[in-house]
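Reproduced below: data_33.cif, with mmCIF, C-alpha atoms and all ligand atoms.
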```
data_final
#
loop_
_atom_site.label_atom_id
_atom_site.label_comp_id
_atom_site.auth_asym_id
_atom_site.auth_seq_id
_atom_site.Cartn_x
_atom_site.Cartn_y
_atom_site.Cartn_z
CA MET A 8 58.27 93.96 -25.35
CA LYS A 9 56.18 96.09 -23.07
CA TYR A 10 53.94 98.52 -24.92
CA LYS A 11 52.98 101.98 -23.76
CA ILE A 12 49.45 101.26 -24.97
CA PRO A 13 48.70 97.54 -24.56
CA PHE A 14 46.22 95.82 -26.86
CA ILE A 15 43.96 94.69 -24.00
CA LYS A 16 43.72 96.31 -20.58
CA PRO A 17 40.95 94.82 -18.45
CA SER A 18 39.59 96.88 -15.59
CA PHE A 19 38.74 94.85 -12.50
CA PRO A 20 36.59 95.82 -9.48
CA ASP A 21 38.02 97.79 -6.54
CA ASN A 22 40.24 95.79 -4.19
CA GLU A 23 38.06 96.60 -1.20
CA LYS A 24 34.88 95.25 -2.70
CA ILE A 25 36.61 92.09 -3.84
CA LEU A 26 38.13 91.60 -0.36
CA GLN A 27 34.63 91.73 1.15
CA ASP A 28 33.48 89.03 -1.26
CA TYR A 29 36.57 86.93 -0.60
CA ASP A 30 35.90 87.15 3.09
CA ALA A 31 32.24 86.19 2.67
CA ILE A 32 33.12 83.19 0.51
CA LEU A 33 35.61 81.95 3.13
CA LYS A 34 33.03 82.41 5.90
CA ALA A 35 30.39 80.54 3.91
CA ASN A 36 32.96 77.80 3.21
CA TRP A 37 31.41 77.39 -0.25
CA TYR A 38 33.85 77.76 -3.16
CA THR A 39 32.18 76.16 -6.16
CA ASN A 40 29.28 73.82 -7.16
CA PHE A 41 26.53 76.41 -7.65
CA GLY A 42 27.10 78.55 -4.57
CA PRO A 43 25.15 81.74 -3.81
CA TYR A 44 27.44 83.99 -5.91
CA GLU A 45 27.28 81.69 -8.93
CA ARG A 46 23.49 81.37 -8.73
CA GLU A 47 22.97 85.13 -8.50
CA PHE A 48 25.46 85.78 -11.31
CA ALA A 49 23.76 83.21 -13.59
CA LYS A 50 20.38 84.82 -12.91
CA LEU A 51 21.66 88.31 -13.75
CA VAL A 52 23.52 87.18 -16.89
CA GLY A 53 20.25 85.72 -18.20
CA SER A 54 18.19 88.78 -17.35
CA TYR A 55 20.85 91.10 -18.80
CA VAL A 56 20.18 89.48 -22.18
CA GLY A 57 16.41 89.65 -21.86
CA LYS A 58 13.39 89.09 -19.66
CA GLU A 59 12.74 85.51 -20.73
CA TYR A 60 16.31 84.28 -20.88
CA PHE A 61 18.17 81.78 -18.70
CA ALA A 62 21.89 81.29 -18.29
CA ALA A 63 24.25 78.54 -17.21
CA THR A 64 27.64 79.86 -16.17
CA PHE A 65 30.78 77.95 -17.17
CA SER A 66 34.48 77.81 -16.35
CA SER A 67 35.15 79.22 -19.86
CA ALA A 68 33.44 79.79 -23.18
CA THR A 69 35.20 76.69 -24.47
CA THR A 70 33.60 74.40 -21.87
CA GLY A 71 30.32 76.20 -22.61
CA LEU A 72 30.72 75.46 -26.33
CA ILE A 73 31.51 71.79 -25.74
CA ALA A 74 28.54 71.40 -23.40
CA SER A 75 26.26 73.22 -25.89
CA VAL A 76 27.23 70.93 -28.74
CA ILE A 77 26.62 67.84 -26.58
CA ALA A 78 23.34 69.21 -25.22
CA VAL A 79 21.93 70.33 -28.57
CA LEU A 80 23.36 67.75 -30.99
CA GLY A 81 24.42 64.82 -28.83
CA LYS A 82 27.82 63.24 -29.28
CA GLY A 83 28.77 62.69 -32.93
CA ASP A 84 30.56 59.82 -34.69
CA ASN A 85 32.73 62.00 -36.99
CA SER A 86 30.41 61.46 -39.96
CA LYS A 87 28.60 64.82 -39.78
CA TYR A 88 29.59 68.41 -40.42
CA VAL A 89 28.74 71.64 -38.67
CA ILE A 90 29.10 74.74 -40.82
CA MET A 91 31.07 77.63 -39.36
CA PRO A 92 33.36 80.45 -40.48
CA SER A 93 37.11 80.01 -40.77
CA PHE A 94 37.52 83.66 -39.75
CA THR A 95 37.11 83.13 -36.01
CA PHE A 96 38.89 81.91 -32.87
CA PRO A 97 39.79 78.16 -32.77
CA ALA A 98 37.64 77.24 -29.73
CA GLY A 99 34.43 76.61 -31.71
CA ALA A 100 36.10 74.27 -34.21
CA GLU A 101 37.91 72.51 -31.38
CA ALA A 102 34.66 72.04 -29.47
CA LEU A 103 33.07 70.44 -32.54
CA ILE A 104 35.95 68.03 -33.00
CA TRP A 105 36.01 67.08 -29.30
CA CYS A 106 32.30 66.26 -29.61
CA GLY A 107 32.69 64.09 -32.72
CA TYR A 108 31.76 66.56 -35.48
CA LYS A 109 33.74 68.04 -38.33
CA PRO A 110 33.80 71.75 -39.08
CA MET A 111 32.94 72.80 -42.63
CA PHE A 112 34.37 76.26 -43.25
CA ILE A 113 32.21 78.84 -45.01
CA ASP A 114 33.35 82.20 -46.40
CA ILE A 115 32.49 85.58 -44.83
CA GLU A 116 30.98 88.87 -46.05
CA LYS A 117 33.27 91.84 -46.62
CA GLU A 118 31.27 94.45 -44.68
CA SER A 119 30.25 92.54 -41.58
CA LEU A 120 33.10 90.00 -41.52
CA GLN A 121 30.38 87.47 -40.62
CA MET A 122 29.59 84.11 -42.20
CA ASN A 123 28.02 84.39 -45.67
CA ILE A 124 24.41 83.24 -45.51
CA ALA A 125 24.01 82.59 -49.25
CA GLN A 126 26.93 80.18 -49.13
CA ALA A 127 25.61 78.55 -45.96
CA ARG A 128 22.25 78.00 -47.65
CA THR A 129 23.91 76.47 -50.72
CA ALA A 130 26.04 74.24 -48.51
CA ILE A 131 22.96 72.94 -46.70
CA GLU A 132 21.10 72.42 -50.01
CA ARG A 133 24.00 70.50 -51.48
CA GLU A 134 25.15 68.47 -48.48
CA GLY A 135 21.72 67.92 -46.90
CA LYS A 136 21.80 65.46 -44.01
CA LYS A 137 25.59 65.49 -43.85
CA ILE A 138 25.25 68.88 -42.18
CA LYS A 139 24.04 68.62 -38.62
CA ALA A 140 23.98 72.23 -37.44
CA ILE A 141 25.18 75.81 -37.84
CA LEU A 142 27.82 77.30 -35.55
CA PHE A 143 27.53 81.02 -36.20
CA CYS A 144 30.41 83.02 -34.69
CA ASN A 145 29.66 86.70 -34.12
CA ALA A 146 32.97 88.13 -35.37
CA PHE A 147 34.74 89.97 -32.51
CA GLY A 148 31.52 89.79 -30.51
CA VAL A 149 29.81 92.19 -32.91
CA GLY A 150 26.19 91.15 -33.43
CA LYS A 151 25.18 90.20 -36.97
CA VAL A 152 22.56 92.68 -38.17
CA ASN A 153 19.46 90.71 -39.24
CA VAL A 154 20.49 87.65 -37.26
CA GLU A 155 16.80 86.78 -37.83
CA GLU A 156 17.79 85.57 -41.32
CA TRP A 157 20.02 82.96 -39.68
CA GLU A 158 17.22 81.96 -37.33
CA ASP A 159 14.93 81.56 -40.36
CA LEU A 160 17.53 79.44 -42.17
CA SER A 161 17.89 77.32 -39.05
CA ASN A 162 14.11 76.83 -38.76
CA GLN A 163 13.55 76.19 -42.47
CA THR A 164 16.33 73.62 -42.74
CA ASP A 165 15.89 72.12 -39.27
CA LYS A 166 19.55 72.74 -38.35
CA PRO A 167 20.12 74.00 -34.79
CA LEU A 168 21.84 77.38 -34.58
CA ILE A 169 24.51 77.59 -31.88
CA ILE A 170 26.14 81.02 -31.67
CA ASP A 171 29.66 81.70 -30.41
CA SER A 172 29.39 85.28 -29.12
CA ALA A 173 32.42 84.94 -26.88
CA ALA A 174 33.48 88.60 -26.91
CA GLY A 175 29.93 89.91 -27.31
CA PHE A 176 28.42 90.28 -23.85
CA GLY A 177 26.84 93.76 -23.99
CA SER A 178 26.58 93.86 -27.79
CA GLU A 179 23.36 94.40 -29.72
CA TYR A 180 22.06 92.95 -32.97
CA ASN A 181 19.56 95.53 -34.19
CA HIS A 182 16.72 97.56 -32.67
CA GLY A 183 18.27 97.03 -29.25
CA ARG A 184 18.02 93.23 -29.40
CA LYS A 185 20.84 91.94 -27.20
CA VAL A 186 23.47 89.49 -28.37
CA GLY A 187 22.73 86.34 -26.35
CA SER A 188 19.08 86.28 -27.39
CA ALA A 189 19.35 84.53 -30.77
CA GLY A 190 19.47 80.97 -32.06
CA THR A 191 19.17 77.80 -30.00
CA CYS A 192 21.68 79.20 -27.52
CA GLU A 193 24.56 81.67 -27.40
CA VAL A 194 27.93 81.29 -25.71
CA PHE A 195 29.85 84.07 -23.94
CA SER A 196 33.40 84.25 -22.62
CA PHE A 197 34.30 86.26 -19.53
CA HIS A 198 38.02 85.70 -20.03
CA ALA A 199 40.36 88.47 -18.91
CA THR A 200 40.77 89.59 -22.54
CA LYS A 201 37.07 90.17 -23.18
CA PRO A 202 35.13 93.41 -22.55
CA PHE A 203 33.27 91.73 -19.67
CA ALA A 204 36.18 90.16 -17.78
CA ILE A 205 36.22 88.02 -14.66
CA GLY A 206 39.49 86.11 -15.25
CA GLU A 207 38.38 82.73 -16.57
CA GLY A 208 34.68 82.10 -17.08
CA GLY A 209 31.81 81.96 -19.52
CA ALA A 210 28.08 81.41 -19.89
CA VAL A 211 25.50 79.90 -22.21
CA VAL A 212 22.23 81.79 -22.61
CA SER A 213 18.95 80.51 -24.02
CA LYS A 214 15.22 81.02 -23.67
CA ASN A 215 14.88 77.24 -23.37
CA GLU A 216 14.97 76.56 -19.64
CA GLU A 217 15.19 72.78 -20.13
CA LEU A 218 18.31 73.22 -22.26
CA ILE A 219 19.89 75.36 -19.54
CA LYS A 220 19.10 72.67 -16.95
CA LEU A 221 20.77 70.06 -19.17
CA LEU A 222 23.82 72.32 -19.57
CA LYS A 223 24.10 72.62 -15.78
CA SER A 224 24.06 68.85 -15.51
CA ILE A 225 26.64 68.38 -18.30
CA GLN A 226 29.03 70.84 -16.62
CA ASN A 227 28.70 68.85 -13.39
CA PHE A 228 29.66 65.32 -14.54
CA GLY A 229 26.21 64.71 -16.03
CA PHE A 230 24.71 64.42 -12.54
CA ASN A 231 20.99 64.34 -11.94
CA GLN A 232 19.33 65.56 -8.70
CA SER A 233 20.64 62.55 -6.80
CA SER A 234 24.25 62.92 -8.00
CA MET A 235 23.92 59.97 -10.35
CA THR A 236 25.49 60.39 -13.80
CA GLU A 237 22.66 60.40 -16.27
CA THR A 238 24.32 62.01 -19.28
CA LEU A 239 27.91 62.40 -20.53
CA GLY A 240 29.42 65.35 -18.69
CA PHE A 241 32.63 66.81 -17.33
CA ASN A 242 33.65 69.54 -14.91
CA GLY A 243 32.97 72.96 -16.40
CA LYS A 244 31.74 74.88 -13.38
CA LEU A 245 32.41 78.50 -12.47
CA GLN A 246 34.02 79.20 -9.09
CA GLU A 247 32.45 81.46 -6.46
CA PHE A 248 35.44 83.87 -6.57
CA ASN A 249 34.97 84.45 -10.29
CA ALA A 250 31.19 84.76 -9.95
CA ALA A 251 31.73 87.40 -7.25
CA ILE A 252 33.97 89.37 -9.61
CA GLY A 253 31.27 89.02 -12.28
CA LEU A 254 28.60 90.45 -9.96
CA ARG A 255 30.83 93.45 -9.22
CA GLN A 256 31.56 93.92 -12.92
CA LEU A 257 27.85 93.99 -13.70
CA GLU A 258 27.43 96.98 -11.38
CA THR A 259 29.61 99.17 -13.61
CA PHE A 260 29.52 97.40 -16.96
CA ASP A 261 27.08 99.65 -18.82
CA GLU A 262 29.09 102.74 -17.84
CA LYS A 263 32.29 101.10 -19.07
CA LEU A 264 30.57 100.15 -22.31
CA LYS A 265 29.73 103.81 -22.89
CA ASP A 266 33.39 104.70 -22.40
CA ARG A 267 34.49 102.01 -24.87
CA ARG A 268 32.00 103.27 -27.45
CA LYS A 269 33.30 106.82 -26.97
CA VAL A 270 36.81 105.63 -27.83
CA PHE A 271 35.48 103.90 -30.94
CA ASN A 272 33.67 107.07 -32.01
CA LYS A 273 36.93 108.99 -31.72
CA TYR A 274 38.52 106.46 -34.08
CA LEU A 275 35.59 106.87 -36.48
CA GLU A 276 35.67 110.66 -36.43
CA GLY A 277 39.46 110.88 -36.58
CA LEU A 278 39.76 108.46 -39.48
CA ASN A 279 36.82 109.40 -41.61
CA THR A 280 38.32 108.20 -44.88
CA SER A 281 37.33 105.72 -47.55
CA LYS A 282 40.76 104.09 -47.10
CA ILE A 283 39.56 102.42 -43.91
CA LEU A 284 36.45 100.28 -43.56
CA TRP A 285 35.13 99.67 -40.06
CA GLN A 286 33.26 96.50 -39.23
CA GLU A 287 29.49 96.87 -39.70
CA ASN A 288 27.52 97.31 -36.43
CA ALA A 289 30.68 97.64 -34.31
CA GLU A 290 29.24 100.85 -32.81
CA ASN A 291 26.52 98.74 -31.14
CA SER A 292 28.94 96.21 -29.73
CA SER A 293 30.98 95.86 -26.57
CA LEU A 294 34.15 96.49 -28.63
CA CYS A 295 36.82 94.10 -27.40
CA PHE A 296 38.90 96.21 -29.83
CA ALA A 297 38.29 98.17 -33.04
CA THR A 298 38.49 96.21 -36.27
CA ALA A 299 39.32 97.94 -39.54
CA ILE A 300 40.02 96.77 -43.07
CA VAL A 301 42.72 98.61 -45.00
CA LYS A 302 43.78 98.47 -48.65
CA ASP A 303 46.09 95.47 -48.74
CA ARG A 304 48.72 93.45 -46.93
CA SER A 305 51.54 95.92 -47.41
CA SER A 306 49.59 98.90 -46.05
CA ARG A 307 48.35 96.75 -43.16
CA ASP A 308 51.84 95.54 -42.30
CA SER A 309 53.38 98.99 -42.48
CA LEU A 310 50.63 100.39 -40.21
CA LEU A 311 51.15 97.56 -37.71
CA ASN A 312 54.91 98.16 -37.70
CA LYS A 313 54.53 101.88 -37.27
CA LEU A 314 52.10 101.50 -34.37
CA ARG A 315 54.22 98.89 -32.61
CA LYS A 316 57.44 100.86 -33.03
CA ASN A 317 55.72 103.76 -31.31
CA GLY A 318 54.58 101.71 -28.33
CA VAL A 319 51.08 100.82 -29.51
CA GLU A 320 50.22 97.14 -29.40
CA ALA A 321 48.01 96.65 -32.46
CA ARG A 322 47.10 93.22 -33.87
CA ASN A 323 45.52 91.52 -36.87
CA TYR A 324 42.75 89.30 -35.44
CA TYR A 325 41.64 86.63 -36.50
CA SER A 326 44.47 86.35 -38.99
CA PRO A 327 45.54 83.74 -39.97
CA SER A 328 42.08 82.21 -40.27
CA LEU A 329 41.53 78.67 -39.03
CA HIS A 330 41.98 76.89 -42.39
CA ASN A 331 45.61 78.05 -42.31
CA HIS A 332 46.38 76.69 -38.82
CA PRO A 333 48.38 73.44 -38.89
CA TYR A 334 45.72 71.42 -37.05
CA PHE A 335 42.85 72.49 -39.33
CA LEU A 336 44.68 72.23 -42.68
CA ASN A 337 42.73 69.13 -43.72
CA GLN A 338 39.28 70.27 -42.62
CA LYS A 339 36.58 70.69 -45.24
CA ILE A 340 36.17 74.02 -46.98
CA PHE A 341 32.86 74.68 -48.71
CA SER A 342 33.44 76.24 -52.12
CA ASP A 343 36.20 78.78 -51.51
CA LEU A 344 37.31 81.23 -48.82
CA SER A 345 38.31 84.08 -51.12
CA THR A 346 36.85 86.89 -48.98
CA THR A 347 38.30 85.32 -45.83
CA ASP A 348 41.73 85.30 -47.51
CA ILE A 349 41.44 88.96 -48.52
CA ILE A 350 40.34 90.00 -45.01
CA ASP A 351 43.16 87.94 -43.48
CA GLU A 352 45.66 90.14 -45.32
CA SER A 353 44.04 93.50 -44.70
CA VAL A 354 42.57 93.38 -41.18
CA ILE A 355 43.97 95.48 -38.38
CA SER A 356 42.79 95.55 -34.75
CA LEU A 357 43.27 98.64 -32.61
CA PRO A 358 43.18 98.81 -28.81
CA ILE A 359 40.13 100.00 -26.90
CA HIS A 360 40.23 100.26 -23.09
CA ASP A 361 37.49 101.33 -20.66
CA ASP A 362 39.66 104.15 -19.36
CA MET A 363 41.64 105.08 -22.46
CA LYS A 364 43.17 108.54 -22.27
CA ASP A 365 42.37 111.10 -24.99
CA GLN A 366 46.07 111.55 -25.64
CA ASP A 367 46.48 107.80 -26.29
CA VAL A 368 43.70 107.84 -28.86
CA GLU A 369 45.28 110.97 -30.41
CA LEU A 370 48.64 109.23 -30.65
CA ILE A 371 47.11 106.26 -32.46
CA LEU A 372 45.13 108.51 -34.80
CA ASN A 373 48.20 110.55 -35.68
CA LEU A 374 50.22 107.43 -36.41
CA LEU A 375 47.48 106.06 -38.66
CA LYS A 376 47.03 109.32 -40.55
C1 LIG A 401 37.85 84.21 -26.62
C2 LIG A 401 37.04 83.38 -27.53
C3 LIG A 401 36.73 82.05 -27.22
C4 LIG A 401 37.31 81.35 -26.02
O1 LIG A 401 36.86 81.81 -24.80
P1 LIG A 401 37.41 81.13 -23.45
O2 LIG A 401 36.55 81.70 -22.38
O3 LIG A 401 38.85 81.54 -23.33
O4 LIG A 401 37.24 79.67 -23.60
C5 LIG A 401 35.90 81.35 -28.07
N1 LIG A 401 35.42 81.90 -29.20
C6 LIG A 401 35.70 83.17 -29.56
C7 LIG A 401 35.11 83.74 -30.81
C8 LIG A 401 36.53 83.94 -28.74
O5 LIG A 401 36.82 85.20 -29.10
#
```
Rendering of file as structure tokens:
Amino acid sequence: MKYKIPFIKPSFPDNEKILQDYDAILKANWYTNFGPYEREFAKLVGSYVGKEYFAATFSSATTGLIASVIAVLGKGDNSKYVIMPSFTFPAGAEALIWCGYKPMFIDIEKESLQMNIAQARTAIEREGKKIKAILFCNAFGVGKVNVEEWEDLSNQTDKPLIIDSAAGFGSEYNHGRKVGSAGTCEVFSFHATKPFAIGEGGAVVSKNEELIKLLKSIQNFGFNQSSMTETLGFNGKLQEFNAAIGLRQLETFDEKLKDRRKVFNKYLEGLNTSKILWQENAENSSLCFATAIVKDRSSRDSLLNKLRKNGVEARNYYSPSLHNHPYFLNQKIFSDLSTTDIIDESVISLPIHDDMKDQDVELILNLLK
């Protein structure tokens, strides 16, 4: 079914600009393997996050996650766990398993929809050395307020903190601190469905320049300077065409972010009722969509039906959570996932586009009222 208002509607750079880049790439005869577009894009992704940050671009967030796990933890032998939320996208758990680790699912908090730190601390106290690291997943790319508490937990317990911020390029934690700047490293996706879209692509950002160098080697078959394999790697490189799109997107991204936040504010103002809870700190995020929690499953389902029947493609991300997917059914759950289960039943995700028309927002608001 084709919806009048699709869930995701990426805006790509002007044809003419992209044609110039295409032409230049053909003339340079340099399509991938750290060409001039990729190198410039990587530099600007790092400096977008902060002055002292470095970035390695990737062919996707998933290859970035796999490389991060190998770079930070080394390859596992399936005897160790990495704690992570179940309420997230599968890529993080899949990356862990590919690298020889097992996910241990931790419950989330009701207000932020982010992993519960008290439970994470208890899990580390109880399981000790069996837990190798923390994979924090910024839910919907929204930065966890007080992410510093997670950095403290990571430092105190000596467990590296890898952060999956796939949809969060442009988001902020608190006091203007950019998502991308926390933990051991953070992973972004530039997939067509994310607020910062280049088609397929991703990046890992860190203030540790040595780690970024290692990530660039891992994504290029583990090659050292003389093209000799020195570490276990694979091919996870970003193409010049996609990097060129990324550079163009950076030119207009902050303006588009403002437009997305305006749409979100219209949702907030139009639905100022205690019957809907909006995700904490979403207003400071890049808003891949707007996430709200409603009373229960039946009100959620009837709202979804009503929206869809009227041409609005609404969803219920990340429901069902990972522990309910067939492949993850036997993975370890720490304690219980009671809040995750409640959120799974009551979460609704509403479209946000860069160029969303007022009348489209009005239509959605009227349907929800
Ligand atoms: C989209 C997404 C990914 C996957 O990104 P790709 O670039 O498609 O690999 C991983 N984690 C989260 C949380 C995501 O939202």
Taking only C-alpha atoms and all ligand atoms and a cut-off of 7 Å, can you tell me which residues surround ligand LIG 401 (chain A), written as a PyMOL selection string? chain A and resi 67-70+95-99+144+146-147+171-174+196-198+201+207-209
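Rounded to one decimal, atom CA of Asn312 of chain A and atom CA of Glu118 of chain A lie 24.9 Å from each other.
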Residues near segment 244-261 of chain A, anyone? I mean within 9 Å using all atoms listed in the file, not counting same-chain ones fewer than 4 positions away, as a short mmCIF file (atom, residue, chain, number, x, y, z; two decimals) with C-alpha atoms, keeping the file's coordinate frame.
```cif
data_model
loop_
_atom_site.label_atom_id
_atom_site.label_comp_id
_atom_site.auth_asym_id
_atom_site.auth_seq_id
_atom_site.Cartn_x
_atom_site.Cartn_y
_atom_site.Cartn_z
CA SER A 18 39.59 96.88 -15.59
CA PHE A 19 38.74 94.85 -12.50
CA PRO A 20 36.59 95.82 -9.48
CA ASP A 21 38.02 97.79 -6.54
CA LYS A 24 34.88 95.25 -2.70
CA ILE A 25 36.61 92.09 -3.84
CA ASP A 28 33.48 89.03 -1.26
CA TYR A 29 36.57 86.93 -0.60
CA ILE A 32 33.12 83.19 0.51
CA TRP A 37 31.41 77.39 -0.25
CA TYR A 38 33.85 77.76 -3.16
CA THR A 39 32.18 76.16 -6.16
CA ASN A 40 29.28 73.82 -7.16
CA PHE A 41 26.53 76.41 -7.65
CA GLY A 42 27.10 78.55 -4.57
CA PRO A 43 25.15 81.74 -3.81
CA TYR A 44 27.44 83.99 -5.91
CA GLU A 45 27.28 81.69 -8.93
CA ARG A 46 23.49 81.37 -8.73
CA GLU A 47 22.97 85.13 -8.50
CA PHE A 48 25.46 85.78 -11.31
CA ALA A 49 23.76 83.21 -13.59
CA LEU A 51 21.66 88.31 -13.75
CA VAL A 52 23.52 87.18 -16.89
CA THR A 64 27.64 79.86 -16.17
CA PHE A 65 30.78 77.95 -17.17
CA SER A 66 34.48 77.81 -16.35
CA SER A 67 35.15 79.22 -19.86
CA THR A 70 33.60 74.40 -21.87
CA GLY A 177 26.84 93.76 -23.99
CA PHE A 197 34.30 86.26 -19.53
CA PRO A 202 35.13 93.41 -22.55
CA PHE A 203 33.27 91.73 -19.67
CA ALA A 204 36.18 90.16 -17.78
CA ILE A 205 36.22 88.02 -14.66
CA GLY A 206 39.49 86.11 -15.25
CA GLU A 207 38.38 82.73 -16.57
CA GLY A 208 34.68 82.10 -17.08
CA GLY A 209 31.81 81.96 -19.52
CA LYS A 223 24.10 72.62 -15.78
CA GLN A 226 29.03 70.84 -16.62
CA ASN A 227 28.70 68.85 -13.39
CA LYS A 265 29.73 103.81 -22.89
CA ASP A 266 33.39 104.70 -22.40
#
```
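Residue nearest Ser342 of chain A within the list A:Arg133, A:His360, A:Lys16, A:Lys263: A:Arg133 [criterion: smallest interatomic distance, only C-alpha atoms].
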If you count only C-alpha atoms, the residue of A:Ile73, A:Asn22, A:Lys214, A:Ser119 closest to Trp105 of chain A turns out to be A:Ile73
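Distance-wise, atom CA of Ser188 of chain A and atom CA of Leu329 of chain A end up 26.4 Å apart.
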Just give me the residues with any atom within 9 Å of (25.2, 61.4, -27.3), file coordinates, counting only C-alpha atoms, written as JSON, numbers by chain. {"A": [77, 78, 80, 81, 82, 83, 106, 238, 239]}
Point out the residue among A:Ala210, A:Ile104, A:Ala299, A:Val76 with the least atom-to-atom distance to Leu168 of chain A, counting all atoms listed in the file. A:Val76
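For the pair atom CA of Asp308 of chain A and atom CA of Glu320 of chain A, the separation is 13.1 Å.
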Can you pull out the residues contacting Thr347 of chain A? Cut-off 7 Å, using only C-alpha atoms, and skip same-chain residues under 5 positions away; I want them as number ranges by chain. A: 94, 114-115
Can you write just those residues out, C-alpha atoms, as a short mmCIF file (atom, residue, chain, number, x, y, z; two decimals), in the frame of the given file?
```
data_model
loop_
_atom_site.label_atom_id
_atom_site.label_comp_id
_atom_site.auth_asym_id
_atom_site.auth_seq_id
_atom_site.Cartn_x
_atom_site.Cartn_y
_atom_site.Cartn_z
CA PHE A 94 37.52 83.66 -39.75
CA ASP A 114 33.35 82.20 -46.40
CA ILE A 115 32.49 85.58 -44.83
#
```
Pick the closest to Val301 of chain A from A:Ser93, A:Ser353, A:Ser178, A:Ser326: which is it, counting all atoms listed in the file? A:Ser353
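The residue set within 6 Å of Val56 of chain A, counting only C-alpha atoms and dropping same-chain residues fewer than 2 places from it, reads Gly53, Ser54, Lys185 and Gly187 of chain A.
Among A:Pro92, A:Lys166, A:Tyr274, A:Asp303, the residue with the shortest atom-to-atom distance to His330 of chain A, counting all atoms listed in the file, is A:Pro92.
Distances here use only C-alpha atoms; by that measure, the residue among A:Asn231, A:Ser224, A:Asn323, A:Ser292 closest to Asn181 of chain A is A:Ser292.
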I'd like the contact shell of Glu155 of chain A - 10 Å cut-off, all atoms listed in the file, skipping same-chain residues fewer than 4 positions apart - returned as number ranges by chain. A: 151, 159-161, 180-181, 189-190
